[in-house]
$ cat protein.cif   # mmCIF, C-alpha atoms
data_protein
#
loop_
_atom_site.label_atom_id
_atom_site.label_comp_id
_atom_site.auth_asym_id
_atom_site.auth_seq_id
_atom_site.Cartn_x
_atom_site.Cartn_y
_atom_site.Cartn_z
CA MET P 9 30.28 219.39 126.29
CA PHE P 10 29.38 221.67 129.22
CA GLU P 11 32.08 220.13 131.40
CA GLY P 12 34.62 220.27 128.59
CA TYR P 13 34.19 223.89 127.58
CA ALA P 14 32.42 225.97 130.21
CA GLY P 15 33.38 223.77 133.16
CA THR P 16 37.08 224.36 132.74
CA SER P 17 36.98 228.04 131.89
CA ASP P 18 37.61 230.93 134.23
CA SER P 19 34.52 232.74 132.96
CA GLY P 20 32.41 231.83 135.97
CA PHE P 21 29.73 230.25 133.79
CA ARG P 22 29.65 227.06 135.86
CA ASP P 23 29.08 229.07 139.04
CA GLU P 24 26.25 230.95 137.33
CA VAL P 25 24.58 227.69 136.27
CA GLU P 26 24.90 226.25 139.79
CA ALA P 27 23.50 229.44 141.30
CA GLU P 28 20.51 229.37 138.93
CA GLU P 29 19.87 225.71 139.72
CA ALA P 30 20.02 226.45 143.46
CA PHE P 31 17.66 229.39 143.02
CA ALA P 32 15.18 227.27 141.04
CA ARG P 33 15.38 224.53 143.68
CA GLY P 34 14.79 227.06 146.47
CA GLN P 35 11.81 228.48 144.60
CA PHE P 36 10.40 224.97 144.13
CA LEU P 37 10.75 224.24 147.86
CA ALA P 38 9.15 227.56 148.83
CA GLU P 39 6.22 226.89 146.51
CA MET P 40 5.82 223.37 147.88
CA ASN P 41 5.65 224.69 151.45
CA ALA P 42 3.34 227.59 150.55
CA ASP P 43 0.81 225.52 148.59
CA ASP P 44 -1.88 224.52 151.09
CA GLU P 45 -3.81 222.61 148.42
CA ARG P 46 -1.04 220.44 147.07
CA GLY P 47 -1.56 216.76 147.47
CA ALA P 48 0.71 214.59 149.52
CA LEU P 49 3.92 213.41 147.93
CA THR P 50 3.80 209.75 146.99
CA GLY P 51 6.43 207.23 145.96
CA PRO P 52 9.02 205.25 147.89
CA ALA P 53 10.37 208.41 149.57
CA GLY P 54 7.14 210.43 149.69
CA ALA P 55 6.78 210.34 153.49
CA GLU P 56 10.42 211.31 153.95
CA ALA P 57 9.99 214.23 151.54
CA GLU P 58 6.97 215.44 153.51
CA ALA P 59 8.98 215.28 156.75
CA ARG P 60 11.87 217.22 155.18
CA LEU P 61 9.49 219.90 153.88
CA ALA P 62 7.88 220.23 157.32
CA GLU P 63 11.31 220.63 158.91
CA LEU P 64 12.28 223.26 156.35
CA ALA P 65 9.05 225.17 157.01
CA ARG P 66 9.80 225.11 160.73
CA HIS P 67 13.21 226.73 160.19
CA THR P 68 12.35 229.21 157.46
CA VAL P 69 9.62 231.30 159.03
CA PHE P 70 9.53 234.85 157.63
CA ASP P 71 10.51 237.15 160.49
CA GLY P 72 10.07 240.42 158.62
CA GLN P 73 13.54 240.61 157.11
CA VAL P 74 14.63 239.73 153.61
CA VAL P 75 18.06 238.17 153.28
CA THR P 76 20.02 240.09 150.66
CA ASP P 77 23.54 239.00 151.61
CA GLU P 78 24.52 236.10 149.36
CA ALA P 79 26.92 234.57 151.91
CA ARG P 80 24.23 234.62 154.60
CA LEU P 81 21.72 233.07 152.23
CA ARG P 82 24.17 230.27 151.39
CA ARG P 83 24.73 229.58 155.12
CA ILE P 84 20.99 229.40 155.75
CA LEU P 85 20.43 227.06 152.82
CA ALA P 86 23.39 224.87 153.78
CA ARG P 87 22.20 224.63 157.38
CA HIS P 88 18.64 223.67 156.42
CA ASN P 89 19.23 221.80 153.17
CA THR P 90 16.36 219.42 152.48
CA HIS P 91 18.23 217.58 149.73
CA LEU P 92 15.05 217.60 147.64
CA TYR P 93 15.77 217.96 143.93
CA PRO P 94 12.86 218.57 141.55
CA GLY P 95 12.75 216.92 138.17
CA THR P 96 10.23 216.44 135.39
CA PHE P 97 9.34 212.84 136.17
CA ILE P 98 10.36 212.59 139.84
CA THR P 99 11.42 214.61 142.84
CA CYS P 100 14.62 213.18 144.28
CA VAL P 101 14.72 212.87 148.07
CA TYR P 102 18.46 212.46 148.03
CA ASN P 103 20.02 209.99 150.41
CA PRO P 104 23.49 208.96 149.15
CA ASP P 105 23.33 205.57 150.89
CA ARG P 106 20.49 204.38 148.67
CA ALA P 107 21.00 206.52 145.55
CA MET P 108 21.18 204.50 142.35
CA CYS P 109 22.42 207.49 140.36
CA ARG P 110 25.66 207.86 142.29
CA ALA P 111 28.80 206.27 140.89
CA PRO P 112 31.09 204.59 143.43
CA GLY P 113 33.75 207.08 144.44
CA GLY P 114 31.82 209.98 142.91
CA PRO P 115 30.66 213.07 144.79
CA ALA P 116 28.01 212.25 147.38
CA ASP P 117 26.59 215.72 148.01
CA GLN P 118 23.86 215.68 145.33
CA PRO P 119 22.20 213.32 142.85
CA VAL P 120 23.22 212.87 139.25
CA MET P 121 19.79 213.40 137.70
CA ALA P 122 21.01 212.32 134.25
CA ASP P 123 21.71 208.85 135.68
CA CYS P 124 18.41 208.65 137.59
CA GLN P 125 16.57 205.32 137.68
CA PRO P 126 13.23 206.55 139.02
CA LEU P 127 11.26 203.31 138.80
CA ALA P 128 13.80 201.43 140.90
CA CYS P 129 15.34 204.05 143.23
CA ARG P 130 14.09 204.39 146.80
CA ASN P 131 14.91 208.14 146.73
CA THR P 132 11.94 208.78 144.43
CA ALA P 133 8.99 210.97 145.45
CA LEU P 134 6.19 212.10 143.18
CA THR P 135 4.38 215.41 143.10
CA SER P 136 1.14 215.77 141.15
CA ALA P 137 3.18 217.34 138.31
CA ASN P 138 5.53 214.34 138.34
CA ARG P 139 2.58 211.94 138.15
CA GLN P 140 1.14 213.93 135.22
CA ALA P 141 4.49 213.82 133.40
CA LEU P 142 4.72 210.05 133.92
CA ALA P 143 1.12 209.62 132.74
CA GLY P 144 1.97 211.64 129.61
CA HIS P 145 5.02 209.44 129.03
CA LEU P 146 2.81 206.38 129.45
CA ALA P 147 0.41 207.75 126.81
CA ARG P 148 3.31 208.35 124.39
CA LEU P 149 4.46 204.75 124.97
CA GLU P 150 0.92 203.53 124.19
CA ASP P 151 0.92 205.56 120.96
CA ALA P 152 4.26 204.08 119.94
CA LEU P 153 3.07 200.56 120.75
CA ALA P 154 -0.14 201.10 118.77
CA ASP P 155 2.09 201.63 115.75
CA GLY P 156 3.91 198.41 116.59
CA ASP P 157 3.86 197.01 113.04
CA ARG P 158 6.63 199.43 112.12
CA LEU P 159 8.83 198.63 115.12
CA ALA P 160 11.60 196.09 115.22
CA PRO P 161 10.75 193.18 117.57
CA TYR P 162 13.42 194.14 120.11
CA VAL P 163 12.30 197.79 120.21
CA HIS P 164 8.66 196.69 120.55
CA HIS P 165 9.61 194.37 123.42
CA ARG P 166 11.59 197.11 125.23
CA LEU P 167 8.72 199.59 124.85
CA GLU P 168 6.28 197.01 126.26
CA GLU P 169 8.58 196.43 129.23
CA GLN P 170 8.89 200.17 129.85
CA HIS P 171 5.10 200.61 129.55
CA ARG P 172 4.43 197.75 131.96
CA ALA P 173 6.98 199.04 134.53
CA THR P 174 5.77 202.65 134.34
CA ALA P 175 2.10 201.67 134.66
CA ALA P 176 2.85 199.43 137.65
CA PHE P 177 4.91 202.20 139.29
CA LEU P 178 2.11 204.75 138.87
CA THR P 179 -0.46 202.29 140.21
CA ARG P 180 1.71 201.39 143.20
CA HIS P 181 2.30 205.02 144.11
CA ALA P 182 -1.09 206.55 143.38
CA PRO P 183 -2.20 209.13 145.94
CA GLU P 184 -4.55 207.99 148.67
CA PRO P 185 -8.14 209.04 147.99
CA ALA P 186 -9.26 212.05 150.06
CA GLU P 187 -11.73 211.25 152.80
#

$ encode --input "protein.cif" --output "structure tokens"
Amino acid sequence: MFEGYAGTSDSGFRDEVEAEEAFARGQFLAEMNADDERGALTGPAGAEAEARLAELARHTVFDGQVVTDEARLRRILARHNTHLYPGTFITCVYNPDRAMCRAPGGPADQPVMADCQPLACRNTALTSANRQALAGHLARLEDALADGDRLAPYVHHRLEEQHRATAAFLTRHAPEPAE
């Protein structure tokens, strides 16, 4: 609906949405770099996400000036784009060559989070908030399976598969214990 109505209008709504998403992403990255107590990112692309964040921190040192020019800010962000995209269940460390969310022939500049396959994609990194969201989802699956008498056999089977895959994913990508 968004693409059909607001996406084709001359109102500028689409640009506003993209600007807000970019701002939220920038804020997420700034908070990630500023948080000295955050745990390491885990998941298939956790190490790569850490390296991208370290590179961003190296290039975005505060030199006493605040950038207020929007064009300059866009140039800075484009030059040092980490291609990290936060989500509720995962943080995407976008690499178009291995992205499972990208349709062949579609735009390659950012992920399509609606088509994300986090348990199978190698672009997946997990923050502590992502792990908590997945653990909450796992608990909701357990609640649904506990009420399995009311579920159709196919639905029960699919929920069991999803529970098993999510639990295995969380176990595989648990953070290393602190020494």

$ resolve_selection --input "protein.cif" --expression "the PyMOL selection byres ((chain P and resi 183) around 10)" --output "count of residues only"
17

$ atom_distance --input "protein.cif" --atom1 "atom CA of P:Ala173" --atom2 "atom CA of P:Leu127"
7.4 Å

$ resolve_selection --input "protein.cif" --expression "the PyMOL selection byres ((chain P and resi 120) around 12)" --output "list in words"
Tyr93, Gly95, Cys100, Tyr102, Asn103, Pro104, Ala107, Met108, Cys109, Arg110, Ala111, Gly114, Pro115, Ala116, Asp117, Gln118, Pro119, Met121, Ala122, Asp123, Cys124, Gln125 and Pro126 of chain P

$ atom_distance --input "protein.cif" --atom1 "atom CA of P:Arg130" --atom2 "atom CA of P:Glu56"
10.6 Å

$ atom_distance --input "protein.cif" --atom1 "atom CA of P:Leu61" --atom2 "atom CA of P:Asn138"
17.0 Å

$ resolve_selection --input "protein.cif" --expression "the PyMOL selection byres ((chain P and resi 143) around 12)" --output "JSON, numbers by chain"
{"P": [96, 97, 134, 136, 137, 138, 139, 140, 141, 142, 144, 145, 146, 147, 148, 149, 150, 171, 174, 175, 176, 177, 178, 179, 182]}

$ closest_residue --input "protein.cif" --among "P:Asp157, P:His91, P:Thr99, P:Val163" --to "P:Cys129" --atoms "only C-alpha atoms"
P:Thr99

$ closest_residue --input "protein.cif" --among "P:Ile98, P:Arg83, P:Leu167, P:Glu63" --to "P:Ala128" --atoms "all atoms listed in the file"
P:Ile98
